[in-house]
file input31.cif (mmCIF, C-alpha atoms and all ligand atoms)
data_query
loop_
_atom_site.label_atom_id
_atom_site.label_comp_id
_atom_site.auth_asym_id
_atom_site.auth_seq_id
_atom_site.Cartn_x
_atom_site.Cartn_y
_atom_site.Cartn_z
CA MET A 1 -31.93 21.22 8.87
CA GLY A 2 -31.50 18.62 6.13
CA LYS A 3 -30.39 15.02 6.47
CA THR A 4 -27.20 13.23 5.51
CA PHE A 5 -27.12 10.16 3.28
CA ALA A 6 -26.78 7.82 6.28
CA GLU A 7 -29.73 9.40 8.08
CA LYS A 8 -31.94 9.18 5.00
CA VAL A 9 -31.12 5.61 4.02
CA LEU A 10 -31.37 4.25 7.58
CA ALA A 11 -34.70 6.02 8.12
CA LYS A 12 -36.03 4.42 4.95
CA LYS A 13 -34.76 0.93 5.75
CA ALA A 14 -36.14 1.19 9.30
CA GLY A 15 -39.54 2.38 8.06
CA LEU A 16 -39.26 5.71 9.93
CA ALA A 17 -39.99 9.25 8.75
CA GLU A 18 -36.62 10.46 9.99
CA VAL A 19 -33.80 9.50 12.34
CA GLU A 20 -31.11 11.32 14.32
CA PRO A 21 -27.41 10.48 14.75
CA GLY A 22 -26.95 8.19 17.73
CA GLN A 23 -30.45 6.72 17.39
CA ILE A 24 -30.71 2.93 17.38
CA VAL A 25 -32.90 1.68 14.57
CA THR A 26 -34.04 -1.76 13.49
CA ALA A 27 -33.29 -1.87 9.78
CA ARG A 28 -34.04 -4.38 7.07
CA PRO A 29 -31.07 -4.71 4.71
CA ASP A 30 -31.39 -5.49 1.03
CA LEU A 31 -28.41 -7.83 1.07
CA GLY A 32 -26.29 -9.74 3.56
CA MET A 33 -22.87 -10.97 2.47
CA SER A 34 -20.43 -13.41 4.01
CA HIS A 35 -17.44 -15.35 2.75
CA ASP A 36 -15.34 -18.24 4.10
CA ASN A 37 -16.38 -17.13 7.59
CA THR A 38 -19.85 -18.47 6.75
CA ALA A 39 -18.75 -21.77 8.31
CA ALA A 40 -18.30 -20.07 11.68
CA ILE A 41 -21.61 -18.23 11.27
CA VAL A 42 -23.38 -21.52 10.54
CA GLN A 43 -21.99 -22.92 13.80
CA LEU A 44 -23.33 -19.91 15.75
CA PHE A 45 -26.67 -20.17 13.96
CA ARG A 46 -27.05 -23.84 14.84
CA LYS A 47 -25.72 -23.45 18.38
CA VAL A 48 -28.78 -21.42 19.35
CA GLY A 49 -31.11 -23.95 17.72
CA LEU A 50 -31.87 -22.05 14.51
CA LYS A 51 -32.59 -24.09 11.39
CA ARG A 52 -33.82 -21.90 8.54
CA VAL A 53 -32.59 -18.63 7.10
CA LYS A 54 -35.69 -16.45 7.06
CA GLU A 55 -35.18 -14.71 3.71
CA PRO A 56 -32.50 -16.68 1.87
CA GLY A 57 -32.97 -14.61 -1.29
CA LYS A 58 -31.43 -11.64 0.51
CA PHE A 59 -28.09 -13.29 1.16
CA VAL A 60 -24.99 -14.15 -0.79
CA VAL A 61 -21.99 -16.29 0.13
CA ILE A 62 -18.71 -15.99 -1.75
CA LEU A 63 -15.67 -18.19 -1.08
CA ASP A 64 -12.60 -16.04 -1.51
CA HIS A 65 -10.33 -15.89 1.53
CA VAL A 66 -8.45 -19.16 1.31
CA VAL A 67 -9.19 -20.49 -2.16
CA PRO A 68 -8.61 -23.18 -3.18
CA ALA A 69 -8.56 -24.65 0.33
CA ALA A 70 -5.05 -24.67 1.79
CA SER A 71 -5.62 -27.24 4.54
CA VAL A 72 -8.04 -29.95 5.61
CA GLU A 73 -9.62 -27.48 8.03
CA TYR A 74 -10.31 -24.94 5.26
CA ALA A 75 -11.54 -27.72 2.97
CA GLN A 76 -13.99 -28.88 5.64
CA ASN A 77 -15.23 -25.31 6.13
CA HIS A 78 -15.82 -24.92 2.40
CA LYS A 79 -17.62 -28.28 2.31
CA ASP A 80 -19.86 -27.28 5.22
CA ILE A 81 -20.64 -23.97 3.52
CA ARG A 82 -21.57 -25.65 0.23
CA GLU A 83 -23.98 -27.95 2.06
CA PHE A 84 -25.50 -25.05 4.01
CA VAL A 85 -26.15 -22.78 1.02
CA ARG A 86 -27.64 -25.70 -0.92
CA GLU A 87 -29.92 -26.61 1.98
CA GLN A 88 -30.99 -22.97 2.56
CA GLY A 89 -31.22 -21.84 -1.08
CA ILE A 90 -28.69 -19.02 -0.66
CA ARG A 91 -26.98 -17.48 -3.70
CA PHE A 92 -23.44 -18.86 -3.79
CA TYR A 93 -20.15 -18.26 -5.60
CA ASP A 94 -17.63 -21.04 -5.17
CA VAL A 95 -13.82 -20.84 -5.16
CA GLY A 96 -12.41 -19.07 -8.18
CA ARG A 97 -15.13 -16.47 -8.78
CA GLY A 98 -13.20 -13.76 -6.97
CA VAL A 99 -12.91 -11.51 -3.93
CA CYS A 100 -16.30 -11.00 -2.32
CA HIS A 101 -16.43 -7.21 -2.72
CA GLN A 102 -15.49 -7.34 -6.38
CA VAL A 103 -18.00 -10.11 -7.08
CA VAL A 104 -20.86 -8.28 -5.34
CA VAL A 105 -20.23 -5.22 -7.51
CA GLU A 106 -19.68 -7.15 -10.76
CA GLU A 107 -22.87 -9.13 -10.21
CA GLY A 108 -24.88 -5.93 -9.80
CA LEU A 109 -25.81 -6.82 -6.22
CA ALA A 110 -24.83 -3.38 -4.87
CA ARG A 111 -27.13 -0.63 -6.04
CA PRO A 112 -27.70 3.01 -5.15
CA GLY A 113 -29.88 3.39 -2.08
CA ASP A 114 -29.41 -0.21 -0.93
CA LEU A 115 -28.55 -1.20 2.63
CA ILE A 116 -25.94 -3.96 2.55
CA LEU A 117 -24.41 -5.60 5.60
CA GLY A 118 -21.43 -7.89 5.22
CA ALA A 119 -19.44 -10.05 7.60
CA ASP A 120 -16.25 -8.39 6.42
CA SER A 121 -14.64 -5.14 7.44
CA HIS A 122 -14.25 -3.82 3.90
CA THR A 123 -17.96 -4.00 3.12
CA PRO A 124 -18.03 -0.15 2.91
CA THR A 125 -16.70 -0.69 -0.65
CA TYR A 126 -20.24 -0.62 -2.08
CA GLY A 127 -20.60 3.01 -1.04
CA ALA A 128 -18.81 3.64 -4.34
CA LEU A 129 -22.16 2.89 -6.00
CA GLY A 130 -24.24 4.90 -3.56
CA ALA A 131 -25.23 2.04 -1.25
CA PHE A 132 -25.04 2.21 2.52
CA SER A 133 -22.82 -0.76 3.27
CA ALA A 134 -21.14 -1.68 6.51
CA GLY A 135 -19.28 -4.53 8.12
CA ILE A 136 -20.93 -6.55 10.89
CA GLY A 137 -19.81 -9.37 13.18
CA ARG A 138 -20.49 -13.06 12.75
CA SER A 139 -23.12 -13.25 15.49
CA GLU A 140 -24.87 -10.25 13.92
CA MET A 141 -24.94 -12.08 10.58
CA ALA A 142 -26.43 -15.15 12.28
CA ALA A 143 -29.12 -12.88 13.78
CA LEU A 144 -29.73 -11.35 10.37
CA TRP A 145 -30.17 -14.81 8.84
CA ALA A 146 -32.72 -15.60 11.53
CA THR A 147 -34.76 -12.39 11.46
CA GLY A 148 -33.96 -10.42 8.30
CA GLU A 149 -33.32 -7.31 10.40
CA LEU A 150 -30.64 -5.83 12.63
CA TRP A 151 -30.08 -2.99 15.08
CA LEU A 152 -27.86 -0.22 13.79
CA LYS A 153 -26.78 3.03 15.41
CA VAL A 154 -27.23 5.99 13.08
CA PRO A 155 -23.74 7.45 12.55
CA THR A 156 -22.79 11.10 12.42
CA SER A 157 -21.36 12.10 9.05
CA PHE A 158 -18.21 13.61 7.60
CA ARG A 159 -18.18 15.19 4.18
CA ILE A 160 -14.77 15.10 2.48
CA GLU A 161 -14.57 17.31 -0.60
CA LEU A 162 -11.69 16.78 -3.00
CA GLU A 163 -10.59 19.07 -5.77
CA GLY A 164 -7.67 19.17 -8.16
CA GLU A 165 -6.73 16.98 -11.11
CA LEU A 166 -4.51 14.10 -10.05
CA PRO A 167 -1.01 14.22 -11.57
CA GLU A 168 -0.01 11.41 -13.91
CA LEU A 169 0.58 8.07 -12.11
CA VAL A 170 -1.01 9.45 -8.94
CA THR A 171 -4.18 7.48 -8.25
CA ALA A 172 -7.21 7.11 -6.02
CA LYS A 173 -5.07 4.84 -3.82
CA ASP A 174 -2.66 7.70 -3.20
CA VAL A 175 -5.58 9.98 -2.38
CA ILE A 176 -7.12 7.65 0.17
CA LEU A 177 -3.74 6.85 1.75
CA TYR A 178 -3.12 10.60 2.01
CA LEU A 179 -6.51 11.11 3.71
CA ILE A 180 -5.92 8.23 6.12
CA GLY A 181 -2.55 9.76 6.97
CA LYS A 182 -4.23 13.09 7.66
CA LEU A 183 -7.23 11.80 9.62
CA GLY A 184 -5.63 8.80 11.34
CA ALA A 185 -6.71 5.16 11.55
CA ASP A 186 -9.55 6.10 13.90
CA GLY A 187 -10.14 9.57 12.46
CA ALA A 188 -13.57 8.65 11.10
CA LEU A 189 -14.55 6.14 13.75
CA TYR A 190 -18.19 5.08 13.30
CA ARG A 191 -18.73 8.00 10.92
CA SER A 192 -20.51 7.88 7.62
CA VAL A 193 -17.96 9.38 5.23
CA GLU A 194 -19.34 11.12 2.16
CA PHE A 195 -16.73 11.70 -0.55
CA ALA A 196 -17.58 14.57 -2.89
CA GLY A 197 -16.08 17.28 -5.05
CA PRO A 198 -14.79 17.45 -8.62
CA THR A 199 -11.96 14.93 -8.10
CA VAL A 200 -14.37 12.26 -6.90
CA GLU A 201 -16.92 13.13 -9.56
CA GLY A 202 -14.21 12.59 -12.17
CA MET A 203 -13.35 9.12 -10.87
CA GLY A 204 -14.68 5.94 -12.42
CA ILE A 205 -16.32 3.23 -10.33
CA PRO A 206 -13.03 1.31 -9.76
CA ASP A 207 -11.38 4.40 -8.24
CA ARG A 208 -14.44 5.17 -6.16
CA MET A 209 -14.28 1.57 -4.90
CA VAL A 210 -10.68 2.12 -3.78
CA MET A 211 -11.78 5.19 -1.81
CA ALA A 212 -14.77 3.49 -0.20
CA ASN A 213 -12.87 0.26 0.48
CA MET A 214 -10.13 2.02 2.41
CA ALA A 215 -12.50 4.34 4.27
CA ALA A 216 -12.72 1.32 6.58
CA GLU A 217 -9.07 2.01 7.43
CA MET A 218 -9.97 5.39 8.92
CA GLY A 219 -12.62 3.65 11.02
CA ALA A 220 -15.62 4.66 8.90
CA LYS A 221 -18.92 2.84 9.37
CA ASN A 222 -19.66 3.35 5.70
CA ALA A 223 -18.57 5.47 2.77
CA PHE A 224 -20.65 7.16 0.10
CA VAL A 225 -20.18 8.62 -3.34
CA ALA A 226 -23.30 10.22 -4.84
CA PRO A 227 -24.58 8.08 -7.72
CA ASP A 228 -24.29 9.89 -11.05
CA GLU A 229 -24.14 9.12 -14.76
CA THR A 230 -20.90 7.17 -14.19
CA THR A 231 -22.71 4.96 -11.68
CA PHE A 232 -25.77 4.48 -13.83
CA ALA A 233 -23.69 3.63 -16.91
CA TYR A 234 -21.73 1.03 -14.89
CA LEU A 235 -24.91 -0.53 -13.52
CA ALA A 236 -26.67 -0.59 -16.87
CA ASP A 237 -24.45 -3.53 -17.84
CA ARG A 238 -24.71 -5.21 -14.45
CA THR A 239 -28.30 -5.26 -13.26
CA LYS A 240 -31.82 -5.09 -14.57
CA ASP A 241 -33.24 -4.52 -11.09
CA ALA A 242 -34.78 -1.14 -10.30
CA PHE A 243 -33.15 0.98 -7.63
CA THR A 244 -33.84 4.30 -5.95
CA PRO A 245 -30.77 6.46 -5.32
CA ILE A 246 -30.69 8.39 -2.07
CA TYR A 247 -28.82 11.68 -1.85
CA PRO A 248 -27.92 13.83 1.14
CA ASP A 249 -29.87 17.07 1.46
CA PRO A 250 -27.95 20.17 0.37
CA ASP A 251 -28.30 21.58 3.91
CA ALA A 252 -27.45 18.27 5.68
CA ALA A 253 -25.87 18.64 9.12
CA TYR A 254 -22.33 17.21 9.02
CA GLU A 255 -20.17 16.77 12.06
CA GLU A 256 -17.34 18.06 9.91
CA VAL A 257 -16.76 19.17 6.33
CA MET A 258 -13.17 18.82 5.11
CA ARG A 259 -11.66 20.08 1.88
CA PHE A 260 -8.44 18.91 0.25
CA ASP A 261 -6.73 19.90 -2.97
CA VAL A 262 -5.00 16.82 -4.39
CA GLY A 263 -3.75 18.48 -7.57
CA ASP A 264 -0.11 18.36 -6.41
CA LEU A 265 -0.21 15.00 -4.63
CA GLU A 266 2.88 12.79 -4.75
CA PRO A 267 2.46 8.97 -4.74
CA GLN A 268 1.86 7.94 -1.13
CA VAL A 269 3.08 4.93 0.85
CA ALA A 270 1.75 3.58 4.16
CA CYS A 271 4.66 2.33 6.24
CA PRO A 272 4.60 -0.59 8.65
CA PRO A 273 3.09 -1.27 11.04
CA ASP A 274 0.29 1.31 10.78
CA VAL A 275 -2.02 2.14 7.90
CA ASP A 276 -2.00 5.80 8.93
CA HIS A 277 1.80 6.03 8.91
CA VAL A 278 1.61 7.53 5.43
CA VAL A 279 4.45 9.41 3.78
CA PRO A 280 5.13 10.81 0.31
CA ILE A 281 7.07 8.16 -1.61
CA SER A 282 10.20 10.31 -1.72
CA GLN A 283 10.63 9.72 2.03
CA VAL A 284 10.93 5.95 1.69
CA ALA A 285 12.40 5.69 -1.80
CA GLY A 286 15.26 3.19 -2.01
CA LYS A 287 13.95 0.77 0.63
CA LYS A 288 14.78 -2.75 -0.59
CA VAL A 289 11.80 -5.05 -1.14
CA ASP A 290 11.54 -8.86 -1.32
CA GLN A 291 7.94 -9.27 -2.48
CA VAL A 292 5.37 -7.25 -4.39
CA VAL A 293 1.66 -8.07 -4.29
CA LEU A 294 -0.59 -6.61 -6.97
CA GLY A 295 -4.27 -7.33 -6.39
CA THR A 296 -6.88 -7.70 -3.61
CA CYS A 297 -10.28 -6.05 -3.20
CA THR A 298 -8.54 -2.68 -3.07
CA ASN A 299 -6.50 -2.76 -6.28
CA GLY A 300 -7.03 -6.00 -8.19
CA ARG A 301 -9.21 -4.65 -10.97
CA ILE A 302 -8.43 -4.58 -14.69
CA GLU A 303 -7.58 -0.86 -14.53
CA ASP A 304 -4.98 -1.64 -11.84
CA LEU A 305 -3.40 -4.43 -13.87
CA ARG A 306 -3.30 -2.23 -16.98
CA LEU A 307 -1.62 0.56 -15.04
CA ALA A 308 0.97 -1.79 -13.54
CA ALA A 309 1.77 -3.28 -16.97
CA GLU A 310 2.10 0.21 -18.40
CA VAL A 311 4.59 1.22 -15.70
CA MET A 312 6.57 -2.02 -16.08
CA ALA A 313 6.66 -1.41 -19.84
CA GLY A 314 8.19 -4.81 -20.61
CA ARG A 315 10.91 -4.55 -17.96
CA PRO A 316 11.61 -7.79 -16.04
CA VAL A 317 10.91 -8.21 -12.34
CA ALA A 318 14.13 -7.33 -10.51
CA ASP A 319 16.47 -10.10 -9.36
CA GLY A 320 15.59 -11.35 -5.90
CA VAL A 321 12.04 -9.97 -6.01
CA ARG A 322 8.91 -12.12 -6.06
CA MET A 323 5.99 -10.42 -7.76
CA ILE A 324 2.55 -11.90 -7.11
CA VAL A 325 -0.35 -10.83 -9.29
CA LEU A 326 -3.85 -11.81 -8.30
CA PRO A 327 -6.77 -10.45 -10.31
CA ALA A 328 -9.71 -9.62 -8.03
CA SER A 329 -12.15 -11.79 -9.93
CA GLN A 330 -12.55 -14.34 -12.67
CA GLU A 331 -13.94 -11.59 -14.88
CA VAL A 332 -10.82 -9.49 -14.31
CA TRP A 333 -8.59 -12.54 -14.80
CA LEU A 334 -10.19 -13.37 -18.17
CA GLN A 335 -10.09 -9.77 -19.33
CA ALA A 336 -6.42 -9.49 -18.33
CA ALA A 337 -5.68 -12.73 -20.18
CA GLU A 338 -7.51 -11.50 -23.28
CA GLU A 339 -5.53 -8.25 -23.24
CA GLY A 340 -2.26 -10.17 -22.89
CA LEU A 341 -1.53 -8.63 -19.48
CA LEU A 342 -1.17 -11.94 -17.65
CA ALA A 343 1.28 -13.19 -20.26
CA GLU A 344 3.23 -9.94 -19.89
CA PHE A 345 3.41 -10.34 -16.12
CA VAL A 346 4.52 -13.97 -16.40
CA ALA A 347 7.09 -13.13 -19.07
CA ALA A 348 8.45 -10.45 -16.73
CA GLY A 349 8.92 -13.10 -14.04
CA ALA A 350 5.77 -12.55 -11.97
CA LEU A 351 3.58 -15.27 -10.52
CA VAL A 352 -0.09 -15.02 -11.50
CA LEU A 353 -2.53 -16.53 -9.01
CA ASN A 354 -6.18 -17.50 -9.18
CA PRO A 355 -8.74 -14.82 -8.26
CA GLY A 356 -9.19 -14.43 -4.51
CA CYS A 357 -7.70 -12.78 -1.45
CA GLY A 358 -4.39 -14.60 -1.91
CA PRO A 359 -1.70 -13.59 0.59
CA CYS A 360 -3.61 -10.46 1.73
CA LEU A 361 -4.71 -12.02 5.00
CA GLY A 362 -1.51 -13.96 5.61
CA ALA A 363 -3.03 -17.41 5.33
CA HIS A 364 -1.44 -18.80 2.14
CA GLN A 365 -0.16 -18.07 -1.37
CA GLY A 366 2.82 -15.90 -0.51
CA ILE A 367 3.14 -15.24 3.21
CA LEU A 368 6.23 -13.41 4.40
CA ALA A 369 9.20 -14.75 6.35
CA PRO A 370 10.73 -12.88 9.32
CA GLY A 371 12.74 -9.90 8.16
CA GLU A 372 11.21 -9.80 4.67
CA VAL A 373 9.82 -6.60 3.17
CA CYS A 374 6.74 -6.43 0.97
CA LEU A 375 5.02 -3.68 -0.97
CA ALA A 376 1.36 -4.51 -1.57
CA THR A 377 -1.64 -2.80 -3.14
CA SER A 378 -3.85 -4.14 -0.35
CA ASN A 379 -5.38 -2.17 2.50
CA ARG A 380 -3.80 -3.33 5.77
CA ASN A 381 -0.20 -3.44 6.97
CA PHE A 382 -0.30 -4.24 10.67
CA LYS A 383 2.25 -6.64 12.15
CA GLY A 384 1.66 -10.17 10.93
CA ARG A 385 -1.00 -9.26 8.37
CA MET A 386 0.79 -11.07 5.55
CA GLY A 387 2.73 -13.64 7.53
CA SER A 388 5.52 -13.17 10.04
CA PRO A 389 5.10 -10.40 12.62
CA GLU A 390 8.75 -9.64 11.93
CA ALA A 391 8.07 -8.88 8.26
CA GLU A 392 7.48 -5.33 7.03
CA LEU A 393 4.49 -4.49 4.86
CA TYR A 394 4.25 -1.24 2.88
CA LEU A 395 1.09 -0.21 1.02
CA GLY A 396 0.96 1.67 -2.25
CA SER A 397 -0.80 2.03 -5.59
CA PRO A 398 -0.55 -0.39 -8.55
CA ALA A 399 1.80 2.10 -10.25
CA VAL A 400 4.07 2.08 -7.20
CA ALA A 401 3.89 -1.73 -6.98
CA ALA A 402 4.97 -2.03 -10.60
CA ALA A 403 7.87 0.38 -10.13
CA VAL A 404 8.99 -1.53 -7.04
CA ALA A 405 8.74 -4.87 -8.86
CA VAL A 406 11.10 -3.83 -11.64
CA THR A 407 13.60 -1.97 -9.46
CA GLY A 408 13.58 -4.11 -6.29
CA LYS A 409 13.21 -1.05 -4.09
CA ILE A 410 10.57 1.52 -3.28
CA THR A 411 10.52 3.74 -6.35
CA ASP A 412 8.43 6.62 -7.57
CA PRO A 413 6.81 5.27 -10.76
CA ARG A 414 7.21 8.68 -12.38
CA SER A 415 10.97 8.25 -12.27
CA LEU A 416 10.70 5.35 -14.75
CA GLN A 417 8.98 7.37 -17.45
FE1 LIG B 501 -10.10 -8.85 3.11
FE2 LIG B 501 -7.83 -8.79 1.67
FE3 LIG B 501 -9.86 -10.35 0.93
FE4 LIG B 501 -10.06 -7.71 0.69
S1 LIG B 501 -8.62 -9.07 -0.41
S2 LIG B 501 -11.64 -9.11 1.47
S3 LIG B 501 -8.94 -7.04 2.51
S4 LIG B 501 -8.65 -10.54 2.83
#

call {"tool": "encode", "arguments": {"input": "input31.cif", "output": "structure tokens"}}
result
Amino acid sequence: MGKTFAEKVLAKKAGLAEVEPGQIVTARPDLGMSHDNTAAIVQLFRKVGLKRVKEPGKFVVILDHVVPAASVEYAQNHKDIREFVREQGIRFYDVGRGVCHQVVVEEGLARPGDLILGADSHTPTYGALGAFSAGIGRSEMAALWATGELWLKVPTSFRIELEGELPELVTAKDVILYLIGKLGADGALYRSVEFAGPTVEGMGIPDRMVMANMAAEMGAKNAFVAPDETTFAYLADRTKDAFTPIYPDPDAAYEEVMRFDVGDLEPQVACPPDVDHVVPISQVAGKKVDQVVLGTCTNGRIEDLRLAAEVMAGRPVADGVRMIVLPASQEVWLQAAEEGLLAEFVAAGALVLNPGCGPCLGAHQGILAPGEVCLATSNRNFKGRMGSPEAELYLGSPAVAAAVAVTGKITDPRSLQ
């Protein structure tokens, strides 16, 4: 019987001929990523008497969560991080460069066949480029700094095959929300999820990133899209480093193979307070909204901003609605400025923020008051995620966010055409 992607990549990174699901292996990742939480990891690292990161060239630190610092405590954390990366010689991106997952991809640090571990739950994003990438805890990152290796349990694998051409204004975000609704928030718990089929093959890297990013919201350990010409063309502009793609065997043993036709999919919305409470938009249409957030590591790319501007089509943001736009990176920000998109958003009455996580984690830059309702393009909507536990957070695509912004209520973007 053949091997899945996860089995093949973990065998390679553990220096073994082959591995089985459930096996614990000691693997050597190609990259370790952390963000503002690096300050807490440094404390753990020092607490056990460790002084030097063993292979500093294999790590990257990106400040993105609360940037610029919103309090003295955050400012101190950032200061400590800057000193640590300087002292250790770790690659570093300071405030303003962008959301960690976007920056890793833009900088060509995620390549097919790589093993990447990140101290962030949406690290599976890099599976869009054919890497095995997974989130780890802070103490695990401290151990990785110290040794350059980490124990991992080989996951079983799901293969999700998608077919059907997506209708106009129905996007990868709608597809992944639909799948999360079908499988449930723990439906792929500790599974390696391989996305395949003509619909996925037809997606560009940004859409594949949306799928892989939100696989975390069905509990996946990692996600994977087989690298192809689309991947190689994207990477040609991003990295000169050699890489070796790894593909699942045609006769790989999956725990489950699922097939979905998304050719008739309606825009989808995840309703509070659960990411798997997903409904077709027609079921929640008309719900009044106070705030719209367009951005984050899920949907803050240039393609998302273009789509939102297209749906808004010069209409102003509705009275009483606050629209927050936060490009996922400096590169996206500059591109959006060059294309006139940021000016369009501002002219419509939106607020354009610096690149970063913004209000996504409920720490600053647009947190919600009790009783307020928000529609965001982000990936989590549990109670309190974006501020008050008494606020309501709906999740949708950039097209949906744009339609909501100009109407002030949950609206199918297709109805504005
Ligand atoms: Fe996490 Fe949101 Fe930042 Fe993404 S944008 S890394 S989900 S806080």

call {"tool": "closest_atom_pairs", "arguments": {"input": "input31.cif", "of": "chain A", "to": "ligand LIG 501 (chain B)", "cutoff": "7 Å", "atoms": "all atoms listed in the file", "output": "CSV"}}
result
residue,atom,partner,partner_atom,distance
A:Asp64,CA,B:LIG501,FE3,6.8
A:His65,CA,B:LIG501,FE3,5.6
A:Val99,CA,B:LIG501,FE3,5.9
A:Cys100,CA,B:LIG501,S2,6.3
A:His101,CA,B:LIG501,S2,6.6
A:Asp120,CA,B:LIG501,S2,6.8
A:His122,CA,B:LIG501,S3,6.4
A:Thr296,CA,B:LIG501,S1,3.9
A:Cys297,CA,B:LIG501,FE4,4.2
A:Thr298,CA,B:LIG501,FE4,6.5
A:Gly356,CA,B:LIG501,S1,6.8
A:Cys357,CA,B:LIG501,S1,4.0
A:Cys360,CA,B:LIG501,FE2,4.5
A:Leu361,CA,B:LIG501,S4,4.7
A:Ser378,CA,B:LIG501,FE2,6.4
A:Asn379,CA,B:LIG501,S3,6.0

call {"tool": "residues_around", "arguments": {"input": "input31.cif", "residues": "stretch 136-147 of chain A", "least_positions_apart": "2", "cutoff": "7 Å", "atoms": "all atoms listed in the file", "output": "ChimeraX atom specification"}}
result
/A:41,44-45,53-54,117-120,134,149-150

call {"tool": "closest_residue", "arguments": {"input": "input31.cif", "among": "A:Asp304, A:Asp174, A:Asp241, A:Glu201", "to": "A:Met214", "atoms": "all atoms listed in the file"}}
result
A:Asp174

call {"tool": "residues_around", "arguments": {"input": "input31.cif", "residues": "stretch 70-77 of chain A", "least_positions_apart": "2", "cutoff": "8 Å", "atoms": "all atoms listed in the file", "output": "PDB file with C-alpha atoms, in the coordinates of the input"}}
result
ATOM      1  CA  ASP A  36     -15.340 -18.240   4.100  1.00  0.00           C
ATOM      2  CA  ALA A  39     -18.750 -21.770   8.310  1.00  0.00           C
ATOM      3  CA  VAL A  66      -8.450 -19.160   1.310  1.00  0.00           C
ATOM      4  CA  VAL A  67      -9.190 -20.490  -2.160  1.00  0.00           C
ATOM      5  CA  PRO A  68      -8.610 -23.180  -3.180  1.00  0.00           C
ATOM      6  CA  LYS A  79     -17.620 -28.280   2.310  1.00  0.00           C
ATOM      7  CA  ASP A  80     -19.860 -27.280   5.220  1.00  0.00           C
ATOM      8  CA  ILE A  81     -20.640 -23.970   3.520  1.00  0.00           C
ATOM      9  CA  HIS A 364      -1.440 -18.800   2.140  1.00  0.00           C
TER      10      HIS A 364
END

call {"tool": "residues_around", "arguments": {"input": "input31.cif", "residues": "A:Phe382", "least_positions_apart": "5", "cutoff": "9 Å", "atoms": "all atoms listed in the file", "output": "list in words"}}
result
Pro272, Pro273, Asp274, Val275, Pro389, Glu392 and Leu393 of chain A

call {"tool": "residues_around", "arguments": {"input": "input31.cif", "residues": "A:Pro355", "least_positions_apart": "5", "cutoff": "8 Å", "atoms": "all atoms listed in the file", "output": "list in words"}}
result
Asp64, Gly96, Arg97, Gly98, Val99, Leu326, Pro327, Ala328, Ser329, Gln330 and Trp333 of chain A

call {"tool": "atom_distance", "arguments": {"input": "input31.cif", "atom1": "atom CA of A:Ala233", "atom2": "atom CA of A:Ala172"}}
result
20.1 Å

call {"tool": "residues_near_point", "arguments": {"input": "input31.cif", "point": "(3.0, 6.3, 0.6)", "cutoff": "9 Å", "atoms": "only C-alpha atoms", "output": "list in words"}}
result
Asp174, Leu177, Tyr178, Glu266, Pro267, Gln268, Val269, Ala270, Cys271, His277, Val278, Val279, Pro280, Ile281, Ser282, Gln283, Val284, Tyr394, Leu395, Gly396, Ser397 and Val400 of chain A

call {"tool": "atom_distance", "arguments": {"input": "input31.cif", "atom1": "atom CA of A:Met211", "atom2": "atom CA of A:Gly127"}}
result
9.1 Å

call {"tool": "atom_distance", "arguments": {"input": "input31.cif", "atom1": "atom CA of A:Ile246", "atom2": "atom CA of A:Met33"}}
result
21.4 Å

call {"tool": "closest_residue", "arguments": {"input": "input31.cif", "among": "A:Leu353, A:Leu166, A:Pro21, A:Gly286", "to": "A:Tyr190", "atoms": "only C-alpha atoms"}}
result
A:Pro21

call {"tool": "closest_residue", "arguments": {"input": "input31.cif", "among": "A:Pro206, A:Gly362, A:Pro124, A:Gly181", "to": "A:Ala223", "atoms": "all atoms listed in the file"}}
result
A:Pro124

call {"tool": "residues_around", "arguments": {"input": "input31.cif", "residues": "A:Arg414", "least_positions_apart": "3", "cutoff": "12 Å", "atoms": "only C-alpha atoms", "output": "PyMOL selection string"}}
result
chain A and resi 167-170+266-267+281-282+310-312+399-400+402-404+411+417

call {"tool": "closest_residue", "arguments": {"input": "input31.cif", "among": "A:Glu344, A:Glu165, A:Glu194, A:Asp30", "to": "A:Gly113", "atoms": "all atoms listed in the file"}}
result
A:Asp30

call {"tool": "closest_residue", "arguments": {"input": "input31.cif", "among": "A:Val175, A:Asn222, A:Ala391, A:Lys3", "to": "A:Glu255", "atoms": "all atoms listed in the file"}}
result
A:Lys3

call {"tool": "closest_residue", "arguments": {"input": "input31.cif", "among": "A:Leu50, A:Gly340, A:Pro112, A:Ser388", "to": "A:Ala363", "atoms": "only C-alpha atoms"}}
result
A:Ser388

call {"tool": "decode", "arguments": {"input": "input31.cif", "residues": "stretch 115-128 of chain A", "atoms": "C-alpha atoms", "output": "PDB file, in the first residue's frame"}}
result
ATOM      1  CA  LEU A 115       8.502  20.752   7.057  1.00  0.00           C
ATOM      2  CA  ILE A 116       7.523  24.003   8.774  1.00  0.00           C
ATOM      3  CA  LEU A 117       6.450  24.319  12.395  1.00  0.00           C
ATOM      4  CA  GLY A 118       4.979  27.556  13.656  1.00  0.00           C
ATOM      5  CA  ALA A 119       3.861  28.810  17.037  1.00  0.00           C
ATOM      6  CA  ASP A 120       0.508  29.768  15.556  1.00  0.00           C
ATOM      7  CA  SER A 121      -2.571  27.699  14.890  1.00  0.00           C
ATOM      8  CA  HIS A 122      -2.934  28.786  11.264  1.00  0.00           C
ATOM      9  CA  THR A 123       0.510  27.542  10.256  1.00  0.00           C
ATOM     10  CA  PRO A 124      -1.184  24.893   8.033  1.00  0.00           C
ATOM     11  CA  THR A 125      -1.496  27.755   5.493  1.00  0.00           C
ATOM     12  CA  TYR A 126       1.794  26.753   3.822  1.00  0.00           C
ATOM     13  CA  GLY A 127       0.241  23.468   2.730  1.00  0.00           C
ATOM     14  CA  ALA A 128      -1.054  25.583  -0.154  1.00  0.00           C
TER      15      ALA A 128
END
